[in-house]
>>> print(open('model-v9.cif').read())   # mmCIF, C-alpha atoms
data_model
#
loop_
_atom_site.label_atom_id
_atom_site.label_comp_id
_atom_site.auth_asym_id
_atom_site.auth_seq_id
_atom_site.Cartn_x
_atom_site.Cartn_y
_atom_site.Cartn_z
CA MET A 1 77.92 2.49 -22.27
CA THR A 2 76.40 0.66 -19.29
CA PHE A 3 72.97 1.30 -17.79
CA GLU A 4 72.10 1.13 -14.13
CA ASN A 5 68.38 1.36 -14.86
CA GLU A 6 66.66 -1.31 -16.94
CA TYR A 7 62.89 -1.62 -17.17
CA GLU A 8 60.41 -4.01 -18.70
CA TRP A 9 57.95 -1.24 -19.61
CA THR A 10 58.28 2.52 -19.91
CA VAL A 11 55.20 4.76 -20.23
CA ILE A 12 55.79 8.30 -21.53
CA GLY A 13 53.11 10.76 -20.46
CA ALA A 14 50.82 11.08 -17.43
CA GLY A 15 47.61 12.33 -19.01
CA PRO A 16 44.51 10.09 -19.04
CA ALA A 17 46.03 7.72 -21.63
CA GLY A 18 49.25 7.34 -19.64
CA ILE A 19 47.24 6.71 -16.48
CA ALA A 20 45.25 4.00 -18.26
CA ALA A 21 48.42 2.38 -19.66
CA VAL A 22 50.15 2.18 -16.29
CA GLY A 23 47.02 0.88 -14.59
CA LYS A 24 46.40 -1.85 -17.17
CA LEU A 25 50.04 -2.99 -17.14
CA ILE A 26 49.86 -3.49 -13.37
CA ASP A 27 46.50 -5.25 -13.71
CA ASN A 28 48.16 -7.62 -16.19
CA HIS A 29 50.72 -8.69 -13.57
CA ILE A 30 53.69 -6.60 -14.72
CA ASP A 31 55.89 -5.97 -11.68
CA PRO A 32 55.28 -2.26 -10.85
CA LYS A 33 58.96 -1.80 -9.99
CA LYS A 34 59.80 -2.79 -13.57
CA ILE A 35 57.55 -0.03 -14.93
CA LEU A 36 59.06 3.43 -15.46
CA TRP A 37 56.56 6.29 -15.77
CA ILE A 38 57.86 9.54 -17.24
CA ASP A 39 56.26 12.98 -17.16
CA PRO A 40 57.61 16.47 -16.38
CA GLU A 41 54.77 17.27 -13.94
CA PHE A 42 52.40 14.34 -13.23
CA LYS A 43 49.44 16.74 -13.16
CA VAL A 44 47.06 14.82 -15.50
CA GLY A 45 48.71 16.22 -18.63
CA ASP A 46 46.97 18.79 -20.83
CA PHE A 47 43.63 17.42 -19.61
CA GLY A 48 44.44 18.80 -16.18
CA LYS A 49 46.39 21.90 -17.15
CA LYS A 50 44.86 23.26 -20.36
CA TRP A 51 41.39 21.83 -20.89
CA ASN A 52 39.99 21.57 -17.36
CA LYS A 53 37.46 24.39 -17.90
CA VAL A 54 36.03 22.85 -21.08
CA PRO A 55 32.47 21.46 -20.92
CA SER A 56 32.64 17.76 -21.71
CA ASN A 57 30.36 15.97 -24.16
CA THR A 58 30.89 12.72 -22.22
CA LYS A 59 28.37 11.47 -19.68
CA VAL A 60 29.49 11.28 -16.08
CA SER A 61 28.76 7.53 -16.06
CA LEU A 62 31.56 6.91 -18.57
CA PHE A 63 34.04 8.91 -16.50
CA ILE A 64 33.10 6.83 -13.45
CA ASN A 65 33.48 3.65 -15.51
CA PHE A 66 37.03 4.75 -16.39
CA LEU A 67 37.93 5.26 -12.75
CA ASN A 68 36.55 1.87 -11.77
CA SER A 69 38.04 -0.08 -14.68
CA CYS A 70 41.48 -0.83 -13.19
CA ASN A 71 42.00 -2.66 -9.91
CA SER A 72 45.35 -0.90 -9.58
CA PHE A 73 43.58 2.51 -9.50
CA GLU A 74 42.09 1.48 -6.12
CA PHE A 75 39.38 4.07 -6.73
CA LEU A 76 36.73 2.04 -4.94
CA LYS A 77 38.92 2.22 -1.83
CA SER A 78 38.97 6.02 -1.81
CA HIS A 79 37.47 7.58 1.31
CA GLU A 80 36.96 10.87 -0.50
CA LEU A 81 33.67 11.60 -2.27
CA PHE A 82 34.61 13.59 -5.35
CA ASP A 83 32.29 16.18 -6.87
CA ILE A 84 31.88 14.11 -10.04
CA GLN A 85 30.31 11.37 -7.89
CA LYS A 86 27.67 13.80 -6.58
CA ILE A 87 25.93 14.50 -9.89
CA SER A 88 23.66 12.43 -12.09
CA ALA A 89 25.37 9.73 -14.14
CA ASP A 90 23.43 10.86 -17.21
CA GLU A 91 24.65 14.46 -17.02
CA THR A 92 27.75 15.99 -18.58
CA CYS A 93 30.17 18.20 -16.67
CA GLU A 94 33.23 20.39 -16.95
CA LEU A 95 36.40 18.37 -17.33
CA ASP A 96 37.64 19.94 -14.10
CA LEU A 97 35.43 17.56 -12.12
CA MET A 98 37.39 14.63 -13.54
CA VAL A 99 40.82 16.16 -12.91
CA LYS A 100 40.81 15.69 -9.13
CA PRO A 101 39.96 11.97 -9.16
CA LEU A 102 42.50 11.42 -11.96
CA GLN A 103 45.13 13.18 -9.85
CA TRP A 104 44.19 10.93 -6.93
CA VAL A 105 44.67 7.86 -9.16
CA THR A 106 47.97 9.28 -10.43
CA ASN A 107 49.27 9.55 -6.89
CA ILE A 108 48.25 5.94 -6.16
CA LEU A 109 50.04 4.66 -9.27
CA MET A 110 53.15 6.76 -8.57
CA SER A 111 53.45 5.04 -5.20
CA LYS A 112 53.67 1.69 -6.99
CA VAL A 113 55.85 2.27 -10.09
CA VAL A 114 59.12 4.11 -10.67
CA SER A 115 58.30 7.74 -11.53
CA ASN A 116 60.63 10.10 -13.32
CA PHE A 117 59.96 13.86 -13.53
CA ASP A 118 61.51 14.62 -16.91
CA SER A 119 60.87 14.81 -20.66
CA VAL A 120 62.02 12.26 -23.23
CA SER A 121 64.17 13.72 -26.00
CA SER A 122 64.74 10.64 -28.18
CA LEU A 123 64.41 6.88 -28.57
CA LYS A 124 66.54 4.37 -30.40
CA ILE A 125 67.04 0.61 -30.54
CA LYS A 126 70.13 -0.77 -28.79
CA ASN A 127 70.80 -4.49 -28.35
CA ARG A 128 67.11 -5.43 -28.54
CA TYR A 129 66.13 -2.76 -26.04
CA TRP A 130 64.82 0.76 -26.45
CA LEU A 131 67.30 3.38 -25.33
CA VAL A 132 65.31 6.24 -23.77
CA GLU A 133 67.19 9.54 -23.62
CA PHE A 134 66.10 12.43 -21.43
CA SER A 135 66.42 16.19 -21.42
CA ASN A 136 68.18 16.35 -18.04
CA GLN A 137 69.19 12.83 -16.91
CA ASN A 138 71.17 9.79 -17.96
CA PRO A 139 69.43 7.43 -20.41
CA ILE A 140 67.73 4.18 -19.45
CA ILE A 141 66.86 1.05 -21.40
CA SER A 142 63.45 -0.54 -21.64
CA LYS A 143 62.16 -3.68 -23.31
CA ASN A 144 58.90 -1.94 -24.24
CA VAL A 145 57.76 1.68 -24.51
CA VAL A 146 54.25 3.14 -24.58
CA MET A 147 54.09 6.64 -26.02
CA ALA A 148 51.12 8.46 -24.49
CA ILE A 149 52.67 11.79 -25.39
CA GLY A 150 49.55 13.84 -26.10
CA ALA A 151 48.84 16.31 -28.85
CA GLU A 152 49.00 20.04 -29.43
CA GLU A 153 46.45 22.15 -31.24
CA LYS A 154 47.14 22.93 -34.88
CA THR A 155 47.55 26.54 -35.94
CA LEU A 156 47.79 28.57 -39.13
CA SER A 157 50.48 31.09 -40.02
CA ILE A 158 48.68 34.42 -40.32
CA PRO A 159 51.12 36.98 -38.90
CA GLU A 160 48.66 39.86 -39.26
CA LEU A 161 46.40 38.33 -36.61
CA LYS A 162 47.15 38.00 -32.92
CA THR A 163 46.51 34.41 -31.86
CA ILE A 164 44.28 33.69 -28.89
CA PRO A 165 45.36 30.21 -27.73
CA LEU A 166 42.60 27.64 -27.85
CA GLU A 167 42.98 26.89 -24.14
CA ILE A 168 42.25 30.58 -23.42
CA ALA A 169 39.33 30.77 -25.83
CA LEU A 170 37.73 27.76 -24.11
CA ASN A 171 38.12 29.27 -20.64
CA LYS A 172 35.32 31.73 -19.89
CA GLN A 173 37.20 33.70 -17.27
CA LYS A 174 40.51 34.04 -19.12
CA LEU A 175 38.79 34.83 -22.41
CA LYS A 176 37.43 38.11 -21.07
CA GLU A 177 40.99 39.45 -20.75
CA TYR A 178 41.57 38.98 -24.49
CA CYS A 179 38.31 40.33 -25.95
CA HIS A 180 37.35 43.98 -26.38
CA SER A 181 34.32 45.68 -27.86
CA ASP A 182 36.21 46.86 -30.96
CA ASP A 183 37.72 43.44 -31.74
CA ILE A 184 36.77 41.22 -34.65
CA ILE A 185 37.92 37.69 -33.87
CA SER A 186 38.28 35.11 -36.60
CA VAL A 187 37.43 31.59 -35.39
CA PHE A 188 38.61 28.83 -37.70
CA GLY A 189 36.77 25.50 -37.61
CA SER A 190 33.36 23.91 -37.19
CA SER A 191 34.14 21.18 -34.65
CA HIS A 192 32.99 20.85 -31.03
CA SER A 193 35.85 23.11 -29.89
CA ALA A 194 35.09 25.77 -32.49
CA ILE A 195 31.42 25.96 -31.52
CA LEU A 196 32.35 26.17 -27.83
CA VAL A 197 34.70 29.06 -28.63
CA ILE A 198 32.03 30.93 -30.59
CA ARG A 199 29.53 30.45 -27.78
CA ASN A 200 32.06 31.56 -25.17
CA ILE A 201 32.78 34.79 -27.01
CA LEU A 202 29.11 35.58 -27.64
CA GLU A 203 28.08 34.94 -24.04
CA ASN A 204 31.06 36.48 -22.24
CA CYS A 205 32.15 39.22 -24.65
CA PRO A 206 28.82 40.24 -26.20
CA LYS A 207 30.15 43.33 -27.99
CA THR A 208 32.97 41.48 -29.74
CA LYS A 209 32.38 40.51 -33.36
CA ILE A 210 33.15 37.05 -34.69
CA PHE A 211 33.96 35.85 -38.20
CA ASN A 212 33.74 32.05 -38.32
CA PHE A 213 35.63 30.49 -41.23
CA TYR A 214 34.80 26.84 -41.84
CA LYS A 215 35.55 24.13 -44.41
CA SER A 216 32.92 21.59 -43.40
CA PRO A 217 29.24 21.96 -42.48
CA LEU A 218 28.20 21.42 -38.90
CA CYS A 219 27.97 17.74 -38.02
CA TYR A 220 25.73 16.30 -35.31
CA ALA A 221 25.94 13.02 -33.41
CA LEU A 222 22.75 10.98 -33.63
CA ASN A 223 21.81 8.27 -31.16
CA CYS A 224 20.30 5.43 -33.20
CA GLY A 225 19.73 3.04 -30.32
CA ASN A 226 22.42 0.38 -30.69
CA ALA A 227 24.91 2.80 -32.25
CA THR A 228 25.63 6.52 -32.56
CA LEU A 229 26.11 8.11 -35.96
CA ASN A 230 29.05 10.59 -35.97
CA ASP A 231 29.91 9.53 -32.41
CA ASN A 232 33.45 10.94 -32.58
CA THR A 233 33.03 13.88 -34.94
CA GLY A 234 29.52 15.18 -34.31
CA LEU A 235 28.27 17.84 -31.93
CA LYS A 236 26.55 16.48 -28.82
CA GLY A 237 24.49 17.55 -25.84
CA THR A 238 24.09 21.22 -24.98
CA THR A 239 26.66 22.24 -27.59
CA ALA A 240 24.62 20.57 -30.32
CA GLN A 241 21.39 22.17 -29.11
CA TRP A 242 23.01 25.61 -28.95
CA ALA A 243 24.38 25.24 -32.48
CA LYS A 244 20.99 24.23 -33.86
CA GLU A 245 19.32 27.24 -32.26
CA ASN A 246 21.97 29.85 -33.00
CA LEU A 247 23.88 28.72 -36.09
CA HIS A 248 21.17 26.88 -37.97
CA GLY A 249 18.50 29.10 -36.48
CA SER A 250 18.63 32.83 -35.81
CA LEU A 251 22.27 33.85 -36.32
CA PRO A 252 23.46 36.33 -33.65
CA GLU A 253 23.98 39.87 -34.96
CA ASN A 254 27.69 39.98 -34.15
CA LEU A 255 28.46 36.61 -35.79
CA ASN A 256 29.20 36.07 -39.47
CA ARG A 257 30.00 32.65 -40.93
CA PHE A 258 32.02 32.17 -44.11
CA LEU A 259 33.09 29.17 -46.11
CA ALA A 260 36.89 29.24 -45.93
CA ASN A 261 37.48 29.63 -49.65
CA GLU A 262 39.97 31.92 -51.34
CA ASP A 263 37.51 34.73 -52.04
CA ASN A 264 36.07 34.89 -48.52
CA LEU A 265 39.50 34.79 -46.90
CA LYS A 266 40.69 37.58 -49.21
CA ASN A 267 37.63 39.78 -48.73
CA GLU A 268 36.87 39.25 -45.05
CA LEU A 269 39.89 38.07 -43.09
CA TYR A 270 41.72 41.41 -43.28
CA LYS A 271 38.95 42.97 -41.15
CA CYS A 272 39.91 40.78 -38.18
CA ASN A 273 42.59 41.50 -35.58
CA HIS A 274 42.60 38.21 -33.61
CA ALA A 275 42.38 34.54 -34.49
CA VAL A 276 41.39 31.34 -32.70
CA TYR A 277 42.37 28.10 -34.44
CA ALA A 278 40.04 25.20 -33.59
CA ILE A 279 41.17 23.05 -36.50
CA GLY A 280 42.34 19.88 -34.82
CA PHE A 281 45.38 18.48 -33.05
CA GLN A 282 48.77 17.04 -33.97
CA ARG A 283 50.87 14.71 -31.86
CA ARG A 284 53.89 15.97 -30.00
CA LYS A 285 57.22 15.01 -31.50
CA ILE A 286 59.87 12.76 -30.05
CA ILE A 287 62.92 11.88 -32.12
CA ILE A 288 63.03 8.17 -32.92
CA GLU A 289 66.31 7.20 -34.54
CA GLY A 290 65.77 5.39 -37.82
CA PHE A 291 62.28 6.83 -38.31
CA SER A 292 61.93 9.94 -40.45
CA GLU A 293 58.18 10.38 -39.89
CA PHE A 294 57.04 7.49 -37.74
CA GLU A 295 53.58 6.11 -38.35
CA TYR A 296 51.53 3.64 -36.33
CA ASN A 297 49.03 0.90 -36.94
CA SER A 298 45.74 2.62 -36.15
CA LYS A 299 44.06 -0.69 -35.25
CA THR A 300 46.72 -1.99 -32.84
CA GLY A 301 48.81 1.04 -31.81
CA ILE A 302 52.03 -0.66 -32.94
CA ILE A 303 54.78 1.69 -34.12
CA ALA A 304 57.59 -0.89 -34.05
CA PRO A 305 58.36 -4.06 -32.04
CA GLY A 306 58.22 -3.04 -28.40
CA LEU A 307 57.09 0.51 -29.25
CA PHE A 308 53.42 1.44 -29.03
CA GLY A 309 51.35 4.60 -29.46
CA PHE A 310 48.32 5.34 -27.32
CA GLY A 311 45.89 8.15 -26.56
CA ILE A 312 45.00 11.29 -28.49
CA ALA A 313 48.36 11.25 -30.30
CA PHE A 314 47.71 7.74 -31.64
CA PRO A 315 43.94 7.23 -31.67
CA GLU A 316 42.18 4.07 -32.73
CA LEU A 317 40.61 4.13 -36.20
CA LYS A 318 37.40 2.15 -36.11
CA CYS A 319 34.59 1.46 -38.55
CA ASP A 320 31.15 1.97 -37.05
CA SER A 321 27.99 0.03 -37.85
CA PHE A 322 27.15 2.55 -40.57
CA GLY A 323 30.41 1.89 -42.43
CA ASN A 324 32.06 5.17 -41.42
CA GLU A 325 35.66 5.20 -40.18
CA GLU A 326 36.39 7.59 -37.32
CA TYR A 327 39.25 8.16 -34.90
CA ARG A 328 38.06 7.40 -31.38
CA VAL A 329 39.12 9.90 -28.71
CA GLY A 330 37.89 9.95 -25.13
CA LEU A 331 38.77 8.44 -21.77
CA TRP A 332 36.36 5.51 -21.89
CA LYS A 333 37.25 4.86 -25.54
CA PHE A 334 40.94 4.77 -24.60
CA MET A 335 40.19 2.24 -21.87
CA ASN A 336 38.21 -0.01 -24.21
CA TYR A 337 40.99 0.24 -26.79
CA ILE A 338 43.82 -0.74 -24.45
CA ASN A 339 41.79 -3.68 -23.18
CA ASN A 340 41.76 -4.97 -26.75
CA VAL A 341 45.35 -4.24 -27.78
CA LEU A 342 47.36 -4.83 -24.60
CA PRO A 343 47.36 -8.64 -25.07
CA ILE A 344 49.08 -7.98 -28.41
CA TRP A 345 51.56 -5.52 -26.91
CA LEU A 346 52.55 -7.96 -24.19
CA ARG A 347 53.75 -10.39 -26.86
CA TYR A 348 55.20 -7.98 -29.44
CA SER A 349 58.65 -7.14 -28.06
CA ILE A 350 61.91 -6.84 -29.97
#
>>> encode(input="model-v9.cif", output="structure tokens")
Amino acid sequence: MTFENEYEWTVIGAGPAGIAAVGKLIDNHIDPKKILWIDPEFKVGDFGKKWNKVPSNTKVSLFINFLNSCNSFEFLKSHELFDIQKISADETCELDLMVKPLQWVTNILMSKVVSNFDSVSSLKIKNRYWLVEFSNQNPIISKNVVMAIGAEEKTLSIPELKTIPLEIALNKQKLKEYCHSDDIISVFGSSHSAILVIRNILENCPKTKIFNFYKSPLCYALNCGNATLNDNTGLKGTTAQWAKENLHGSLPENLNRFLANEDNLKNELYKCNHAVYAIGFQRRKIIIEGFSEFEYNSKTGIIAPGLFGFGIAFPELKCDSFGNEEYRVGLWKFMNYINNVLPIWLRYSI
């Protein structure tokens, strides 16, 4: 088999992590025409399509830092003043305000690299190159591959309950179509997403009852000056304040919270007719020949020589100043991470 298309780098995924990867490769003097960027839509990934109506717990200043961190983004050359640039740097905002500038950056990068509207079905090593196979096109070969493939929300198998997708439960307008006054919705989890879901239901569907099943107590981020305790796992900002007032304070009448043990699930879950699962995310799957369940080095992103994982599917595991290890997820955290690991990637080919 011969290949017409051969690339030095291939980036799979066009969400925020994929955008950062392409931008940093160009900034590190990789010829843009030797970079292949693959995504079925190029619409800022799930960030742009599924989570755009979610209130962020990231300050606007860090979003702006992300946009200004790559010369190849050319963001400082933009003649458009985006809405995110009109609000205080110390505020938080809906993710939607970041989608438009990220789409603008995507379009700039697409004009420089080779873009392919498709999905990758599998990868395998062939003659010291990675063979990248697609759903609808002929395969290509690439010396290096960055997998910024994103992650999907985890769910539970409870057939008696009708699932409300997390992306719906986090969208105030769409949620109203799913909630009725005679519903009892079970919300699983105690993370940032779970608390946002509970608040959304209480504020937008006030007659709907909620049973919140949780395994862990609520966790709050704490700014300690030079470091933040529970920076990646704790509740922040307005979500944290709301939780303190309503979950650790006066519990709303139509909300019940239960430890998710066997007895509570047996005695209470059958009363519910819907479920929202806010229990974390799992990376999307791509078949990699020779790897049954591929793992990655959580400090460097290395999966194999010339194959690297990046973004929410392959987050950095880092020990904070308090000795706690946490996975770091967020746009500015992704940018800091790739600044540290890209010099390694550039030298770690097959």
>>> residues_around(input="model-v9.cif", residues="His248 in chain A", least_positions_apart="2", cutoff="12 Å", atoms="all atoms listed in the file", output="VMD selection string")
chain A and resid 217 to 220 240 to 246 250 to 252 257
>>> closest_atom_pairs(input="model-v9.cif", of="range 32-105 of chain A", to="range 307-325 of chain A", cutoff="12 Å", atoms="only C-alpha atoms", output="JSON lines")
{"residue": "A:Gly45", "atom": "CA", "partner": "A:Ile312", "partner_atom": "CA", "distance": 11.6}
{"residue": "A:Asp46", "atom": "CA", "partner": "A:Ile312", "partner_atom": "CA", "distance": 10.9}
{"residue": "A:Phe47", "atom": "CA", "partner": "A:Ile312", "partner_atom": "CA", "distance": 10.9}
>>> atom_distance(input="model-v9.cif", atom1="CA of Glu152 in chain A", atom2="CA of Gln282 in chain A")
5.4 Å
>>> resolve_selection(input="model-v9.cif", expression="the PyMOL selection byres ((chain A and resi 231) around 10)", output="list in words")
Tyr220, Ala221, Leu222, Asn223, Ala227, Thr228, Leu229, Asn230, Asn232, Thr233, Gly234, Leu235, Lys236, Asp320, Glu326, Tyr327, Arg328 and Val329 of chain A
>>> residues_around(input="model-v9.cif", residues="range 129-137 of chain A", least_positions_apart="4", cutoff="9 Å", atoms="only C-alpha atoms", output="PDB file with C-alpha atoms, in the coordinates of the input")
ATOM      1  CA  THR A  10      58.280   2.520 -19.910  1.00  0.00           C
ATOM      2  CA  ASP A 118      61.510  14.620 -16.910  1.00  0.00           C
ATOM      3  CA  SER A 119      60.870  14.810 -20.660  1.00  0.00           C
ATOM      4  CA  VAL A 120      62.020  12.260 -23.230  1.00  0.00           C
ATOM      5  CA  SER A 121      64.170  13.720 -26.000  1.00  0.00           C
ATOM      6  CA  SER A 122      64.740  10.640 -28.180  1.00  0.00           C
ATOM      7  CA  LEU A 123      64.410   6.880 -28.570  1.00  0.00           C
ATOM      8  CA  LYS A 124      66.540   4.370 -30.400  1.00  0.00           C
ATOM      9  CA  ILE A 125      67.040   0.610 -30.540  1.00  0.00           C
ATOM     10  CA  ILE A 141      66.860   1.050 -21.400  1.00  0.00           C
ATOM     11  CA  SER A 142      63.450  -0.540 -21.640  1.00  0.00           C
ATOM     12  CA  LYS A 143      62.160  -3.680 -23.310  1.00  0.00           C
ATOM     13  CA  ASN A 144      58.900  -1.940 -24.240  1.00  0.00           C
ATOM     14  CA  VAL A 145      57.760   1.680 -24.510  1.00  0.00           C
ATOM     15  CA  GLY A 306      58.220  -3.040 -28.400  1.00  0.00           C
ATOM     16  CA  LEU A 307      57.090   0.510 -29.250  1.00  0.00           C
ATOM     17  CA  SER A 349      58.650  -7.140 -28.060  1.00  0.00           C
ATOM     18  CA  ILE A 350      61.910  -6.840 -29.970  1.00  0.00           C
TER      19      ILE A 350
END
>>> resolve_selection(input="model-v9.cif", expression="the PyMOL selection byres ((chain A and resi 19-27) around 8)", output="list in words")
Val11, Ala14, Gly15, Pro16, Ala17, Gly18, Asn28, His29, Ile30, Asp31, Pro32, Ile35, Trp37, Cys70, Asn71, Ser72, Phe73, Val105, Thr106, Leu109, Val146, Phe334, Met335, Ile338 and Asn339 of chain A
>>> resolve_selection(input="model-v9.cif", expression="the PyMOL selection byres ((chain A and resi 176) around 12)", output="ChimeraX atom specification")
/A:164,168-175,177-181,183,200-208
>>> atom_distance(input="model-v9.cif", atom1="CA of Phe211 in chain A", atom2="CA of Lys154 in chain A")
18.8 Å
>>> atom_distance(input="model-v9.cif", atom1="CA of Leu67 in chain A", atom2="CA of Phe117 in chain A")
23.7 Å
>>> closest_residue(input="model-v9.cif", among="A:Gly189, A:Gly150, A:Pro343, A:Pro159", to="Val44 in chain A", atoms="only C-alpha atoms")
A:Gly150
>>> closest_residue(input="model-v9.cif", among="A:Ile64, A:Met147, A:Gly48, A:Lys126", to="Lys285 in chain A", atoms="only C-alpha atoms")
A:Met147
>>> closest_residue(input="model-v9.cif", among="A:Lys209, A:Lys162, A:His274, A:Arg128", to="Ala304 in chain A", atoms="all atoms listed in the file")
A:Arg128
>>> residues_around(input="model-v9.cif", residues="Thr163 in chain A", least_positions_apart="5", cutoff="12 Å", atoms="only C-alpha atoms", output="list in words")
Lys154, Thr155, Leu156, Ser157, Ile158, Ile168, Ala169, Tyr178, Cys179, Ile185, Ser186, Val187, Phe188, Cys272, Asn273, His274, Ala275, Val276, Tyr277 and Ala278 of chain A
>>> residues_near_point(input="model-v9.cif", point="(29.8, 11.7, -23.3)", cutoff="12 Å", atoms="all atoms listed in the file", output="PyMOL selection string")
chain A and resi 55-65+89-95+221+223+228+231-232+234-239+329-333
>>> closest_residue(input="model-v9.cif", among="A:Trp345, A:Ala194, A:Ile279, A:Leu36", to="Ile302 in chain A", atoms="all atoms listed in the file")
A:Trp345
>>> closest_residue(input="model-v9.cif", among="A:Lys43, A:Lys50, A:Arg347, A:Lys34", to="Leu102 in chain A", atoms="only C-alpha atoms")
A:Lys43
>>> closest_residue(input="model-v9.cif", among="A:Val99, A:Met110, A:Leu196, A:Ile184", to="Asn254 in chain A", atoms="all atoms listed in the file")
A:Ile184
